[in-house]
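**Student:** Sharing a structure below in structure tokens format, with a few things to ask.
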Amino acid sequence: GEDVEQSLFLSVREGDSSVINCTYTDSSSTYLYWYKQEPGAGLQLLTYIFSNMDMKQDQRLTVLLNKKDKHLSLRIADTQTGDSAIYFCADRSNTGKLIFGQGTTLQVKP
Amino acid sequence: GAVVSQHPSWVICKSGTSVKIECRSLDFQATTMFWYRQFPKQSLMLMATSNEGSKATYEQGVEKDKFLINHASLTLSTLTVTSAHPEDSSFYICSAIPQPGLAGAGELFFGEGSRLTVL
């Protein structure tokens with residue numbers, strides 16, 4: 001079946017850029033998403049990219065998609081302590097289902 | 001942005017009782033909603049796809065008689081955990097896709113989640 005993989009942990013210093021990587025296997029992917037989850041809370045949609053695009057920028061967030069390699073990344077510029085959270089990459093197939101990665105815990109040190 | 005609301009946000013119940021969780025799309029109509037389950041420090045696992053006016057489609061390994069899903073209207077889906085046991089304790093999250101043709105067709109919105117604790 002479809003699979004989405006992420007690294008589990010990333011630590012950066014405040015003000016640096018963070019890059020969270022994700023790979024997926026689904027060939028029928030339509031959209032790819034990045035969600036943020038803070039402790040005890042639900043999911044917050046950060047951004048998403050249509051599978052035919054290769055880049056999307058939204059303020060401090062830049063999403064890069066390499067469809068050939070099935071690789072997705074999320075870059076957060078000028079990372080702040082408030083960005084500390086778990087970030088989930090998700091692949092949406094043509095059936096509408098989302099398959100989530102394991103989540104990457106981002107730790108931002110002051 | 002579009003809002004998906006879940007109720008209750010936290011419920012504690014005794015073993016053997018049934019618990020109903022509601023998922024509502026507040027400002028858009030959703031023909032399809034999804035129910036996910038998340039264990040502590042783990043990712044979200046898709047349980048079932050809820051389609052308005054028809055039976056839900058369950059993922060492999062999910063007991064449909066245990067987790068009853070009803071999608072009676074374009075804005076409401078319910079998940080009922082029947083005869084709950086401690087191993088059913090989890091964080092349950094729903095998501096909804098706006099109807100085709102509405103703004104934000106690529107967007108998929110999540111509720112705030114419902115934390116179930118079964119004693």
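Residues in the structure tokens are named by chain (A, B, ... in the order shown) and by number from 1 within that chain; ligands are numbered from 1 in the order shown.
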Applying 10 Å and only C-alpha atoms, which residues near A:Leu74 remain after dropping the ones on its own chain fewer than 6 positions away? List them as a compact mmCIF listing (two decimals) with all heavy atoms, in the first residue's frame.

**Tutor:**
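Here's the written file out16.txt:
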# COMPACT_ATOMS: atom_id res chain seq x y z
N SER A 18 14.54 25.87 9.01
CA SER A 18 14.29 24.44 9.26
C SER A 18 13.85 23.82 7.95
O SER A 18 13.05 24.41 7.22
CB SER A 18 13.16 24.26 10.28
OG SER A 18 13.40 24.99 11.45
N VAL A 19 14.34 22.63 7.69
CA VAL A 19 13.88 21.90 6.50
C VAL A 19 13.44 20.50 6.94
O VAL A 19 14.24 19.73 7.48
CB VAL A 19 14.98 21.78 5.42
CG1 VAL A 19 14.45 20.98 4.23
CG2 VAL A 19 15.43 23.16 4.98
N ILE A 20 12.19 20.22 6.73
CA ILE A 20 11.64 18.91 7.08
C ILE A 20 11.36 18.16 5.78
O ILE A 20 10.72 18.70 4.88
CB ILE A 20 10.34 19.07 7.89
CG1 ILE A 20 10.62 19.90 9.15
CG2 ILE A 20 9.78 17.70 8.26
CD1 ILE A 20 9.36 20.28 9.92
N ASN A 21 11.86 16.93 5.71
CA ASN A 21 11.75 16.16 4.49
C ASN A 21 10.74 15.02 4.60
O ASN A 21 10.49 14.50 5.70
CB ASN A 21 13.12 15.58 4.12
CG ASN A 21 14.11 16.66 3.75
OD1 ASN A 21 13.89 17.42 2.81
ND2 ASN A 21 15.19 16.76 4.49
N CYS A 22 10.22 14.63 3.45
CA CYS A 22 9.18 13.60 3.40
C CYS A 22 9.30 12.87 2.07
O CYS A 22 9.54 13.51 1.04
CB CYS A 22 7.83 14.29 3.55
SG CYS A 22 6.38 13.26 3.27
N TYR A 33 0.31 17.58 1.62
CA TYR A 33 -0.01 18.53 2.68
C TYR A 33 1.06 18.55 3.76
O TYR A 33 1.74 17.55 4.00
CB TYR A 33 -1.33 18.13 3.36
CG TYR A 33 -2.53 18.11 2.45
CD1 TYR A 33 -2.78 17.05 1.60
CD2 TYR A 33 -3.44 19.17 2.46
CE1 TYR A 33 -3.89 17.04 0.76
CE2 TYR A 33 -4.55 19.17 1.64
CZ TYR A 33 -4.77 18.10 0.80
OH TYR A 33 -5.87 18.09 -0.02
N TRP A 34 1.12 19.67 4.42
CA TRP A 34 1.89 19.80 5.65
C TRP A 34 0.95 20.29 6.75
O TRP A 34 0.28 21.32 6.60
CB TRP A 34 3.06 20.77 5.50
CG TRP A 34 4.21 20.19 4.73
CD1 TRP A 34 4.55 20.44 3.44
CD2 TRP A 34 5.17 19.23 5.21
NE1 TRP A 34 5.65 19.72 3.08
CE2 TRP A 34 6.06 18.97 4.14
CE3 TRP A 34 5.37 18.59 6.44
CZ2 TRP A 34 7.14 18.09 4.27
CZ3 TRP A 34 6.44 17.72 6.55
CH2 TRP A 34 7.31 17.47 5.49
N LEU A 46 -1.02 23.77 7.40
CA LEU A 46 -0.05 24.83 7.15
C LEU A 46 -0.08 25.26 5.70
O LEU A 46 -0.15 26.44 5.38
CB LEU A 46 1.36 24.35 7.49
CG LEU A 46 1.71 24.18 8.96
CD1 LEU A 46 3.13 23.67 9.08
CD2 LEU A 46 1.53 25.48 9.71
N THR A 47 0.04 24.27 4.84
CA THR A 47 0.07 24.56 3.42
C THR A 47 -0.12 23.25 2.67
O THR A 47 -0.01 22.17 3.25
CB THR A 47 1.40 25.23 3.01
OG1 THR A 47 1.35 25.63 1.64
CG2 THR A 47 2.60 24.31 3.23
N LYS A 56 5.88 25.95 -3.85
CA LYS A 56 4.85 26.89 -3.38
C LYS A 56 5.42 27.64 -2.20
O LYS A 56 6.03 27.04 -1.31
CB LYS A 56 3.59 26.13 -2.96
CG LYS A 56 2.47 27.03 -2.48
CD LYS A 56 1.23 26.22 -2.15
CE LYS A 56 0.11 27.13 -1.68
NZ LYS A 56 -1.12 26.36 -1.36
N GLN A 57 5.25 28.96 -2.22
CA GLN A 57 5.76 29.76 -1.11
C GLN A 57 4.60 30.49 -0.45
O GLN A 57 3.72 31.03 -1.12
CB GLN A 57 6.79 30.77 -1.63
CG GLN A 57 7.47 31.52 -0.51
CD GLN A 57 8.87 31.99 -0.89
OE1 GLN A 57 9.31 31.81 -2.01
NE2 GLN A 57 9.54 32.60 0.05
N LEU A 61 6.96 29.97 4.79
CA LEU A 61 6.94 28.56 4.41
C LEU A 61 7.21 28.40 2.92
O LEU A 61 6.61 29.10 2.11
CB LEU A 61 5.58 27.94 4.72
CG LEU A 61 5.09 28.06 6.16
CD1 LEU A 61 3.70 27.42 6.28
CD2 LEU A 61 6.05 27.42 7.12
N THR A 62 8.11 27.46 2.60
CA THR A 62 8.36 27.10 1.20
C THR A 62 8.25 25.59 1.07
O THR A 62 8.90 24.85 1.81
CB THR A 62 9.76 27.54 0.74
OG1 THR A 62 9.90 28.95 0.94
CG2 THR A 62 9.97 27.22 -0.74
N VAL A 63 7.41 25.16 0.15
CA VAL A 63 7.25 23.73 -0.11
C VAL A 63 7.91 23.43 -1.45
O VAL A 63 7.67 24.10 -2.44
CB VAL A 63 5.76 23.34 -0.16
CG1 VAL A 63 5.63 21.85 -0.48
CG2 VAL A 63 5.08 23.67 1.15
N LEU A 64 8.75 22.40 -1.45
CA LEU A 64 9.35 21.92 -2.69
C LEU A 64 8.90 20.50 -2.95
O LEU A 64 8.88 19.67 -2.03
CB LEU A 64 10.88 21.96 -2.59
CG LEU A 64 11.53 23.33 -2.45
CD1 LEU A 64 13.05 23.19 -2.31
CD2 LEU A 64 11.19 24.21 -3.64
N LEU A 65 8.50 20.22 -4.18
CA LEU A 65 8.05 18.89 -4.54
C LEU A 65 8.84 18.40 -5.74
O LEU A 65 8.88 19.04 -6.78
CB LEU A 65 6.56 18.91 -4.89
CG LEU A 65 5.97 17.61 -5.44
CD1 LEU A 65 6.12 16.48 -4.43
CD2 LEU A 65 4.52 17.79 -5.83
N TYR A 87 5.31 18.04 12.94
CA TYR A 87 4.89 18.38 11.58
C TYR A 87 4.63 17.08 10.83
O TYR A 87 5.50 16.20 10.75
CB TYR A 87 5.96 19.21 10.87
CG TYR A 87 6.06 20.59 11.45
CD1 TYR A 87 6.76 20.83 12.64
CD2 TYR A 87 5.43 21.67 10.84
CE1 TYR A 87 6.82 22.10 13.20
CE2 TYR A 87 5.48 22.95 11.39
CZ TYR A 87 6.18 23.14 12.57
OH TYR A 87 6.23 24.40 13.13
N CYS A 89 3.58 15.29 7.27
CA CYS A 89 3.44 15.31 5.83
C CYS A 89 2.31 14.33 5.49
O CYS A 89 2.19 13.29 6.15
CB CYS A 89 4.78 14.89 5.25
SG CYS A 89 4.79 14.17 3.63

**Student:** Please report as a CSV table (one decimal) with all heavy atoms, in the first residue's frame which residues of chain A come no farther than 10 Å from chain B, using only C-alpha atoms.

**Tutor:**
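Output (part06.csv):
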chain,number,residue,atom,x,y,z
A,30,THR,N,-2.6,13.3,-5.5
A,30,THR,CA,-3.2,14.6,-6.1
A,30,THR,C,-2.7,15.8,-5.4
A,30,THR,O,-2.3,16.8,-6.1
A,30,THR,CB,-4.7,14.5,-6.1
A,30,THR,OG1,-5.1,14.3,-4.7
A,30,THR,CG2,-5.3,13.4,-6.9
A,31,TYR,N,-2.7,15.8,-4.1
A,31,TYR,CA,-2.2,16.9,-3.3
A,31,TYR,C,-1.3,16.3,-2.2
A,31,TYR,O,-1.5,15.2,-1.8
A,31,TYR,CB,-3.3,17.7,-2.7
A,31,TYR,CG,-4.3,18.4,-3.6
A,31,TYR,CD1,-5.4,17.8,-4.1
A,31,TYR,CD2,-4.0,19.7,-4.0
A,31,TYR,CE1,-6.2,18.4,-5.0
A,31,TYR,CE2,-4.9,20.4,-4.8
A,31,TYR,CZ,-6.0,19.7,-5.3
A,31,TYR,OH,-6.8,20.4,-6.2
A,32,LEU,N,-0.4,17.2,-1.8
A,32,LEU,CA,0.5,16.8,-0.7
A,32,LEU,C,0.4,18.0,0.4
A,32,LEU,O,0.4,19.1,0.0
A,32,LEU,CB,1.9,16.6,-1.1
A,32,LEU,CG,2.0,15.4,-2.0
A,32,LEU,CD1,2.7,15.7,-3.3
A,32,LEU,CD2,2.7,14.2,-1.2
A,33,TYR,N,0.3,17.6,1.6
A,33,TYR,CA,0.0,18.5,2.7
A,33,TYR,C,1.1,18.6,3.8
A,33,TYR,O,1.7,17.6,4.0
A,33,TYR,CB,-1.3,18.1,3.4
A,33,TYR,CG,-2.5,18.1,2.4
A,33,TYR,CD1,-2.8,17.0,1.6
A,33,TYR,CD2,-3.4,19.2,2.5
A,33,TYR,CE1,-3.9,17.0,0.8
A,33,TYR,CE2,-4.5,19.2,1.6
A,33,TYR,CZ,-4.8,18.1,0.8
A,33,TYR,OH,-5.9,18.1,0.0
A,35,TYR,N,0.9,19.5,7.8
A,35,TYR,CA,0.1,19.9,9.0
A,35,TYR,C,1.0,20.1,10.2
A,35,TYR,O,2.1,19.4,10.3
A,35,TYR,CB,-0.9,18.8,9.3
A,35,TYR,CG,-2.1,18.7,8.4
A,35,TYR,CD1,-2.0,17.9,7.2
A,35,TYR,CD2,-3.2,19.5,8.6
A,35,TYR,CE1,-3.0,17.8,6.3
A,35,TYR,CE2,-4.3,19.4,7.7
A,35,TYR,CZ,-4.2,18.6,6.6
A,35,TYR,OH,-5.2,18.5,5.7
A,39,PRO,N,1.1,20.0,21.2
A,39,PRO,CA,0.7,19.0,22.2
A,39,PRO,C,-0.8,19.1,22.6
A,39,PRO,O,-1.3,20.1,22.9
A,39,PRO,CB,1.6,19.3,23.4
A,39,PRO,CG,2.8,19.9,22.8
A,39,PRO,CD,2.3,20.7,21.6
A,40,GLY,N,-1.4,17.9,22.5
A,40,GLY,CA,-2.8,17.9,22.9
A,40,GLY,C,-3.8,18.5,22.0
A,40,GLY,O,-5.0,18.5,22.3
A,41,ALA,N,-3.4,19.0,20.9
A,41,ALA,CA,-4.3,19.7,20.0
A,41,ALA,C,-4.5,18.9,18.7
A,41,ALA,O,-3.9,17.9,18.4
A,41,ALA,CB,-3.7,21.1,19.6
A,42,GLY,N,-5.4,19.4,17.9
A,42,GLY,CA,-5.7,18.8,16.6
A,42,GLY,C,-4.7,19.2,15.6
A,42,GLY,O,-3.6,19.8,15.9
A,43,LEU,N,-5.0,19.0,14.3
A,43,LEU,CA,-4.1,19.3,13.2
A,43,LEU,C,-4.4,20.7,12.6
A,43,LEU,O,-5.6,21.0,12.4
A,43,LEU,CB,-4.2,18.3,12.1
A,43,LEU,CG,-3.8,16.9,12.5
A,43,LEU,CD1,-3.9,16.0,11.3
A,43,LEU,CD2,-2.3,16.9,12.9
A,44,GLN,N,-3.4,21.4,12.4
A,44,GLN,CA,-3.5,22.8,11.7
A,44,GLN,C,-2.9,22.6,10.3
A,44,GLN,O,-1.7,22.3,10.2
A,44,GLN,CB,-2.8,23.8,12.6
A,44,GLN,CG,-2.7,25.2,11.9
A,44,GLN,CD,-1.8,26.1,12.6
A,44,GLN,OE1,-1.2,25.8,13.6
A,44,GLN,NE2,-1.5,27.3,12.0
A,45,LEU,N,-3.7,22.9,9.3
A,45,LEU,CA,-3.2,22.9,8.0
A,45,LEU,C,-2.3,24.1,7.8
A,45,LEU,O,-2.6,25.2,8.0
A,45,LEU,CB,-4.4,23.0,7.0
A,45,LEU,CG,-4.0,23.1,5.5
A,45,LEU,CD1,-3.2,21.9,5.0
A,45,LEU,CD2,-5.2,23.4,4.6
A,47,THR,N,0.0,24.3,4.8
A,47,THR,CA,0.1,24.6,3.4
A,47,THR,C,-0.1,23.2,2.7
A,47,THR,O,0.0,22.2,3.2
A,47,THR,CB,1.4,25.2,3.0
A,47,THR,OG1,1.4,25.6,1.6
A,47,THR,CG2,2.6,24.3,3.2
A,48,TYR,N,-0.4,23.4,1.4
A,48,TYR,CA,-0.5,22.2,0.6
A,48,TYR,C,-0.1,22.5,-0.9
A,48,TYR,O,0.0,23.7,-1.2
A,48,TYR,CB,-1.9,21.6,0.6
A,48,TYR,CG,-3.0,22.5,-0.1
A,48,TYR,CD1,-3.3,22.2,-1.4
A,48,TYR,CD2,-3.5,23.5,0.6
A,48,TYR,CE1,-4.3,23.0,-2.0
A,48,TYR,CE2,-4.5,24.3,0.0
A,48,TYR,CZ,-4.9,24.1,-1.3
A,48,TYR,OH,-5.8,24.9,-1.9
A,49,ILE,N,0.3,21.5,-1.6
A,49,ILE,CA,0.7,21.7,-3.0
A,49,ILE,C,0.1,20.7,-3.9
A,49,ILE,O,-0.1,19.5,-3.5
A,49,ILE,CB,2.3,21.6,-3.0
A,49,ILE,CG1,2.8,22.1,-4.4
A,49,ILE,CG2,2.8,20.3,-2.7
A,49,ILE,CD1,4.3,22.3,-4.4
A,50,PHE,N,-0.4,21.2,-5.0
A,50,PHE,CA,-0.9,20.3,-6.1
A,50,PHE,C,0.2,19.5,-6.6
A,50,PHE,O,1.3,20.0,-6.8
A,50,PHE,CB,-1.6,21.2,-7.1
A,50,PHE,CG,-2.3,20.4,-8.2
A,50,PHE,CD1,-3.2,19.4,-7.8
A,50,PHE,CD2,-2.1,20.7,-9.5
A,50,PHE,CE1,-3.9,18.7,-8.8
A,50,PHE,CE2,-2.8,19.9,-10.5
A,50,PHE,CZ,-3.7,18.9,-10.1
A,86,ILE,N,5.0,19.1,16.2
A,86,ILE,CA,5.1,18.0,15.3
A,86,ILE,C,4.6,18.3,14.0
A,86,ILE,O,3.5,18.9,13.9
A,86,ILE,CB,4.4,16.7,15.9
A,86,ILE,CG1,5.0,16.4,17.3
A,86,ILE,CG2,4.6,15.5,14.9
A,86,ILE,CD1,4.3,15.2,17.9
A,88,PHE,N,3.4,17.0,10.3
A,88,PHE,CA,3.0,15.8,9.5
A,88,PHE,C,3.0,16.1,8.0
A,88,PHE,O,2.3,17.1,7.6
A,88,PHE,CB,1.7,15.3,10.0
A,88,PHE,CG,1.7,14.7,11.3
A,88,PHE,CD1,1.3,15.4,12.4
A,88,PHE,CD2,2.0,13.3,11.5
A,88,PHE,CE1,1.3,14.8,13.7
A,88,PHE,CE2,2.0,12.7,12.7
A,88,PHE,CZ,1.6,13.5,13.9
A,90,ALA,N,1.5,14.6,4.5
A,90,ALA,CA,0.4,13.7,4.1
A,90,ALA,C,0.2,13.7,2.6
A,90,ALA,O,0.3,14.8,2.0
A,90,ALA,CB,-0.9,14.1,4.9
A,92,ARG,N,-2.4,12.8,-0.4
A,92,ARG,CA,-3.8,12.6,-0.8
A,92,ARG,C,-3.9,11.9,-2.1
A,92,ARG,O,-3.4,12.4,-3.1
A,92,ARG,CB,-4.5,13.9,-0.8
A,92,ARG,CG,-6.0,13.8,-1.2
A,92,ARG,CD,-6.7,15.2,-1.1
A,92,ARG,NE,-8.0,15.2,-1.7
A,92,ARG,CZ,-8.7,16.3,-1.8
A,92,ARG,NH1,-8.3,17.4,-1.3
A,92,ARG,NH2,-9.9,16.2,-2.4
A,95,THR,N,-8.4,9.0,-4.4
A,95,THR,CA,-9.7,8.6,-3.7
A,95,THR,C,-10.1,9.6,-2.6
A,95,THR,O,-11.1,9.5,-2.0
A,95,THR,CB,-9.5,7.2,-3.0
A,95,THR,OG1,-8.5,7.3,-2.0
A,95,THR,CG2,-9.2,6.1,-4.1
A,96,GLY,N,-9.1,10.5,-2.4
A,96,GLY,CA,-9.4,11.5,-1.3
A,96,GLY,C,-8.8,11.2,0.0
A,96,GLY,O,-8.7,12.0,0.9
A,97,LYS,N,-8.4,9.9,0.2
A,97,LYS,CA,-7.8,9.5,1.5
A,97,LYS,C,-6.4,10.2,1.7
A,97,LYS,O,-5.7,10.4,0.8
A,97,LYS,CB,-7.6,8.0,1.6
A,97,LYS,CG,-8.9,7.2,1.5
A,97,LYS,CD,-8.7,5.8,1.9
A,97,LYS,CE,-7.7,5.1,1.0
A,97,LYS,NZ,-7.7,3.6,1.3
A,98,LEU,N,-6.2,10.5,3.0
A,98,LEU,CA,-4.8,11.0,3.3
A,98,LEU,C,-4.0,9.9,4.0
A,98,LEU,O,-4.6,9.3,4.9
A,98,LEU,CB,-5.0,12.2,4.3
A,98,LEU,CG,-5.3,13.6,3.8
A,98,LEU,CD1,-5.0,14.6,4.9
A,98,LEU,CD2,-4.5,13.9,2.5
A,99,ILE,N,-2.8,9.8,3.6
A,99,ILE,CA,-1.9,8.9,4.3
A,99,ILE,C,-0.8,9.8,4.9
A,99,ILE,O,-0.2,10.6,4.2
A,99,ILE,CB,-1.2,7.9,3.3
A,99,ILE,CG1,-2.3,7.1,2.5
A,99,ILE,CG2,-0.3,6.9,4.0
A,99,ILE,CD1,-3.2,6.3,3.3
A,100,PHE,N,-0.7,9.6,6.2
A,100,PHE,CA,0.2,10.5,7.0
A,100,PHE,C,1.6,9.8,7.2
A,100,PHE,O,1.7,8.6,7.3
A,100,PHE,CB,-0.4,10.8,8.3
A,100,PHE,CG,-1.5,11.8,8.3
A,100,PHE,CD1,-2.8,11.4,8.0
A,100,PHE,CD2,-1.2,13.1,8.5
A,100,PHE,CE1,-3.8,12.3,8.0
A,100,PHE,CE2,-2.2,14.1,8.5
A,100,PHE,CZ,-3.5,13.6,8.2
A,101,GLY,N,2.6,10.7,7.2
A,101,GLY,CA,3.9,10.2,7.7
A,101,GLY,C,3.9,10.1,9.2
A,101,GLY,O,2.9,10.4,9.9
A,102,GLN,N,5.0,9.7,9.8
A,102,GLN,CA,5.0,9.5,11.2
A,102,GLN,C,5.1,10.7,12.0
A,102,GLN,O,4.9,10.8,13.3
A,102,GLN,CB,6.3,8.6,11.6
A,102,GLN,CG,6.5,7.4,10.8
A,102,GLN,CD,7.4,7.7,9.6
A,102,GLN,OE1,7.3,8.7,8.9
A,102,GLN,NE2,8.3,6.8,9.4
A,103,GLY,N,5.4,11.8,11.4
A,103,GLY,CA,5.5,13.1,12.0
A,103,GLY,C,7.0,13.4,12.4
A,103,GLY,O,7.7,12.5,12.8
A,104,THR,N,7.4,14.7,12.2
A,104,THR,CA,8.7,15.1,12.6
A,104,THR,C,8.6,16.1,13.7
A,104,THR,O,7.9,17.1,13.6
A,104,THR,CB,9.4,15.8,11.4
A,104,THR,OG1,9.5,14.9,10.3
A,104,THR,CG2,10.8,16.3,11.8
A,105,THR,N,9.2,15.8,14.8
A,105,THR,CA,9.2,16.7,16.0
A,105,THR,C,10.3,17.8,15.7
A,105,THR,O,11.4,17.5,15.6
A,105,THR,CB,9.5,16.0,17.3
A,105,THR,OG1,8.5,15.0,17.5
A,105,THR,CG2,9.5,16.9,18.4

**Student:** Considering only C-alpha atoms, state which residue in the set A:Ser7, A:Ser93, A:Gln80, A:Asn52 is at the smallest distance from A:Asp26.

**Tutor:**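 Nearest to A:Asp26: A:Ser93.
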